[in-house]
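Please read the structure below before turning to the comments.
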Amino acid sequence: MTNTATDEQFRKPRLALMGEFSAGKSTLSNLLLGADPLPVKITATRLPPVWVSYGENAAQSVDLNGDAHEFDMADLADVVLEETQLIRLQMTSDILKLCDLIDMPGISDPNMQSDVWRAVIGEADHVIWCTHATQAWRQSEAATWESLSEELRAKSLLLLTRFDKLLTPRDRDRVMDRVQRETEGLFHKVFPISLTQALSAGDDSQIWDQSGAEPFVKCLVDLLMNQGSAACEDHRANDPEPVVEKTDTAPSVHVMPSRVRVKPSGQRRTRRAPPPQVGQAGEAHLAEVPGNV
């Protein structure tokens, strides 16, 4: 008897954005999504974790009992933090064809208990931790990060944001050396980046390269694709029958900056996803995507 695939086996990877308040999480979210999922006036408002998935625009609040309640985005500022576990949003961004994105509250916010985000972080498969380069990797960040699971840490990235604020090569080398030494074994990789430069680069490859975004984006895409491939492989090990018909032509998926081109290894077996529409300038191109997207 053939096993039936479950939603859990084929769900997309979940990518959480974490860090202290004002470390660049909102700018990173805008860069990955190609848009700000929240109204401008909401960006400074206290919010629980915001879980963004692919779909037509919709918003729900999930209360402490796990019950979802639909609401108008115009009323987002009225969400009661003490009664809300998380906010679920849907939008049509290409990166969301590859993963769900969870924007966490700043861990250093004195007005927000850690329980607000700890109840959700267990759902994440990967984390991008943002730390301000001029104050990189404070003791409070290290303590919080080391409290999370070793498995999660091994599949996560550390971004040294606002790296352009370090004005000399000596300062940059010194900060990178220190952070890499202090975080050895705690992250998959560490990247210096100027998110504001990357966000403003558009089609200017020189600004994009100067921002440091290229190696970060390539690594992130590879992590997400490997996560998807593993989910499909795990199911195939228990199910000898193909879950979809094979196609002769591999479709393209366009995610994030257009100058990033990543192809999965020829050894990976993948399910084919239906080709999405070509995105606007500033989105990356992937030749193939694992079948759980």
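Ordered as shown in the structure tokens, chains take letters A, B, and onward, while each chain numbers its residues from 1 and ligands are numbered from 1 in the order shown.
Every residue of range 12-131 of chain A with a DSSP assignment of alpha helix (DSSP H), taken from the backbone, is listed as Lys25, Ser26, Thr27, Leu28, Ser29, Asn30, Leu31, Leu32, Leu33, Asp115, Val116, Trp117, Arg118, Ala119, Val120 and Ile121 of chain A.
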Next item on the list: Would you list the contacts of Leu17 in chain A as a ChimeraX atom specification, taking every protein, DNA or RNA residue within 9 Å and counting only C-alpha atoms, but skipping same-chain residues closer than 2 positions in sequence?
Entry: /A:15,19,25-26,28-29,101-105,126-130
Margin query: Residues within 12 Å of Asn65 in chain A, please, as number ranges by chain. Count only C-alpha atoms; anything in the same chain fewer than 5 positions from it doesn't count.
Written below: A: 83-86, 119
Selection to disk with C-alpha atoms, as a PDB file, in the first residue's frame:
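selection29.pdb written:
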ATOM      1  CA  GLU A  83      -3.788  38.125  23.230  1.00  0.00           C
ATOM      2  CA  THR A  84      -2.053  37.263  19.946  1.00  0.00           C
ATOM      3  CA  GLN A  85       0.384  34.443  19.207  1.00  0.00           C
ATOM      4  CA  LEU A  86       1.230  35.568  15.665  1.00  0.00           C
ATOM      5  CA  ALA A 119       6.398  30.075  21.059  1.00  0.00           C
TER       6      ALA A 119
END
Check: Leaving out Ala154 in chain A and any residue of its chain fewer than 5 positions from it, which residues lie within 9 Å of it when counting only C-alpha atoms, given as number ranges by chain?
Finding: A: 126, 149, 185-189
Pull N, CA and C atoms from the residues just selected and write them as an mmCIF file, in the first residue's frame.
data_model
loop_
_atom_site.group_PDB
_atom_site.id
_atom_site.type_symbol
_atom_site.label_atom_id
_atom_site.label_comp_id
_atom_site.auth_asym_id
_atom_site.auth_seq_id
_atom_site.Cartn_x
_atom_site.Cartn_y
_atom_site.Cartn_z
ATOM 1 N N HIS A 126 15.154 27.488 9.362
ATOM 2 C CA HIS A 126 16.365 28.281 9.199
ATOM 3 C C HIS A 126 16.131 29.646 9.841
ATOM 4 N N SER A 149 18.079 25.543 19.463
ATOM 5 C CA SER A 149 18.563 24.191 19.205
ATOM 6 C C SER A 149 19.808 24.195 18.323
ATOM 7 N N GLY A 185 31.141 27.656 14.850
ATOM 8 C CA GLY A 185 30.295 26.507 15.139
ATOM 9 C C GLY A 185 28.857 26.841 15.483
ATOM 10 N N LEU A 186 28.508 28.140 15.494
ATOM 11 C CA LEU A 186 27.152 28.545 15.877
ATOM 12 C C LEU A 186 26.268 28.882 14.683
ATOM 13 N N PHE A 187 26.851 29.071 13.503
ATOM 14 C CA PHE A 187 26.098 29.374 12.290
ATOM 15 C C PHE A 187 26.659 28.576 11.123
ATOM 16 N N HIS A 188 25.824 28.404 10.111
ATOM 17 C CA HIS A 188 26.292 27.781 8.874
ATOM 18 C C HIS A 188 27.338 28.673 8.211
ATOM 19 N N LYS A 189 27.036 29.980 8.099
ATOM 20 C CA LYS A 189 27.983 30.941 7.530
ATOM 21 C C LYS A 189 27.687 32.335 8.055
#
Item checked: For Ile87 in chain A: contacts at 7 Å, only C-alpha atoms, fewer than 5 positions along chain excluded, given as an NGL selection string -> :A and (48-51 or 60-62)
Could you please take those selected residues and save N, CA and C atoms as a short mmCIF file (atom, residue, chain, number, x, y, z; two decimals), in the first residue's frame?
data_model
loop_
_atom_site.label_atom_id
_atom_site.label_comp_id
_atom_site.auth_asym_id
_atom_site.auth_seq_id
_atom_site.Cartn_x
_atom_site.Cartn_y
_atom_site.Cartn_z
N PRO A 48 3.52 40.89 17.29
CA PRO A 48 4.05 39.55 17.51
C PRO A 48 4.73 39.07 16.23
N PRO A 49 5.24 37.84 16.19
CA PRO A 49 5.81 37.34 14.94
C PRO A 49 4.82 37.46 13.79
N VAL A 50 5.35 37.86 12.63
CA VAL A 50 4.53 38.00 11.42
C VAL A 50 4.96 36.92 10.44
N TRP A 51 4.06 35.97 10.15
CA TRP A 51 4.33 34.80 9.31
C TRP A 51 3.75 35.08 7.93
N GLN A 60 -4.61 37.31 8.94
CA GLN A 60 -5.26 36.66 10.07
C GLN A 60 -4.44 36.90 11.32
N SER A 61 -5.12 37.00 12.44
CA SER A 61 -4.44 36.97 13.73
C SER A 61 -4.71 35.62 14.36
N VAL A 62 -3.69 35.04 14.99
CA VAL A 62 -3.84 33.75 15.65
C VAL A 62 -3.73 33.99 17.15
#
Check: Do you know which residues are at most 8 Å from Leu31 in chain A counting only C-alpha atoms, after dropping those on the same chain fewer than 4 positions away, and could you put them as number ranges by chain?
Finding: A: 27, 35, 195, 198-199, 256
Could you write those residues out with C-alpha atoms, as a compact mmCIF listing (two decimals), in the first residue's frame?
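Written file, out.txt:
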# COMPACT_ATOMS: atom_id res chain seq x y z
CA THR A 27 15.09 46.09 5.51
CA ALA A 35 7.94 44.81 -0.95
CA LEU A 195 21.11 45.94 3.23
CA ALA A 198 21.39 46.04 -1.75
CA LEU A 199 17.83 47.32 -1.57
CA MET A 256 15.24 37.97 -5.66
Item checked: Within 7 Å of Tyr54 in chain A using only C-alpha atoms, minus same-chain residues under 4 positions, as a VMD selection string -> chain A and resid 90 to 93 96 to 97
Please dump the current selection as a tab-separated table (two decimals), in the first residue's frame; keep N, CA and C atoms.
chain	number	residue	atom	x	y	z
A	90	GLN	N	-0.64	36.77	3.74
A	90	GLN	CA	-0.39	36.18	2.43
A	90	GLN	C	-0.10	37.30	1.44
A	91	MET	N	0.87	37.06	0.55
A	91	MET	CA	1.16	38.01	-0.52
A	91	MET	C	1.84	37.25	-1.65
A	92	THR	N	1.84	37.83	-2.84
A	92	THR	CA	2.40	37.16	-4.01
A	92	THR	C	3.81	37.68	-4.28
A	93	SER	N	4.75	37.15	-3.52
A	93	SER	CA	6.17	37.45	-3.71
A	93	SER	C	6.88	36.18	-4.14
A	96	LEU	N	8.42	33.68	-1.72
A	96	LEU	CA	7.46	32.88	-0.96
A	96	LEU	C	7.04	31.62	-1.70
A	97	LYS	N	7.45	31.47	-2.95
A	97	LYS	CA	7.27	30.21	-3.65
A	97	LYS	C	8.33	29.20	-3.20
Next item on the list: Give me every strand (DSSP E) residue in range 97-234 of chain A, going by DSSP on the backbone, as an NGL selection string.
Entry: :A and (100-103 or 126-132 or 157-161 or 189-192)
Now that the selection is made, can you save its residues with N, CA and C atoms as a tab-separated table (two decimals), in the first residue's frame?
chain	number	residue	atom	x	y	z
A	100	ASP	N	8.30	29.95	3.46
A	100	ASP	CA	7.54	30.89	4.27
A	100	ASP	C	8.54	31.75	5.03
A	101	LEU	N	8.19	33.00	5.29
A	101	LEU	CA	9.08	33.91	5.98
A	101	LEU	C	8.43	34.35	7.29
A	102	ILE	N	9.16	34.25	8.40
A	102	ILE	CA	8.63	34.63	9.72
A	102	ILE	C	9.48	35.78	10.26
A	103	ASP	N	8.89	36.95	10.34
A	103	ASP	CA	9.58	38.14	10.84
A	103	ASP	C	9.36	38.22	12.35
A	126	HIS	N	15.15	27.49	9.36
A	126	HIS	CA	16.37	28.28	9.20
A	126	HIS	C	16.13	29.65	9.84
A	127	VAL	N	17.22	30.30	10.24
A	127	VAL	CA	17.16	31.65	10.76
A	127	VAL	C	18.21	32.50	10.06
A	128	ILE	N	17.84	33.73	9.73
A	128	ILE	CA	18.84	34.74	9.39
A	128	ILE	C	18.87	35.70	10.57
A	129	TRP	N	20.02	35.73	11.25
A	129	TRP	CA	20.17	36.61	12.40
A	129	TRP	C	20.90	37.87	11.95
A	130	CYS	N	20.30	39.03	12.20
A	130	CYS	CA	20.89	40.32	11.84
A	130	CYS	C	21.55	40.95	13.06
A	131	THR	N	22.81	41.34	12.92
A	131	THR	CA	23.52	42.04	13.98
A	131	THR	C	24.19	43.27	13.40
A	132	HIS	N	24.06	44.40	14.06
A	132	HIS	CA	24.61	45.66	13.58
A	132	HIS	C	26.14	45.59	13.62
A	157	LEU	N	22.07	31.53	9.14
A	157	LEU	CA	23.07	32.49	8.68
A	157	LEU	C	23.12	33.69	9.60
A	158	LEU	N	24.31	34.27	9.74
A	158	LEU	CA	24.50	35.50	10.50
A	158	LEU	C	24.86	36.62	9.53
A	159	LEU	N	24.11	37.71	9.57
A	159	LEU	CA	24.39	38.89	8.74
A	159	LEU	C	24.94	40.01	9.60
A	160	LEU	N	26.10	40.54	9.23
A	160	LEU	CA	26.61	41.75	9.85
A	160	LEU	C	26.09	42.92	9.02
A	161	THR	N	24.99	43.50	9.46
A	161	THR	CA	24.32	44.54	8.70
A	161	THR	C	25.00	45.90	8.90
A	189	LYS	N	27.04	29.98	8.10
A	189	LYS	CA	27.98	30.94	7.53
A	189	LYS	C	27.69	32.33	8.06
A	190	VAL	N	28.71	33.22	7.94
A	190	VAL	CA	28.60	34.62	8.36
A	190	VAL	C	28.87	35.50	7.16
A	191	PHE	N	28.03	36.54	6.96
A	191	PHE	CA	28.18	37.42	5.82
A	191	PHE	C	28.12	38.89	6.24
A	192	PRO	N	29.05	39.72	5.78
A	192	PRO	CA	28.92	41.17	5.94
A	192	PRO	C	28.06	41.74	4.81
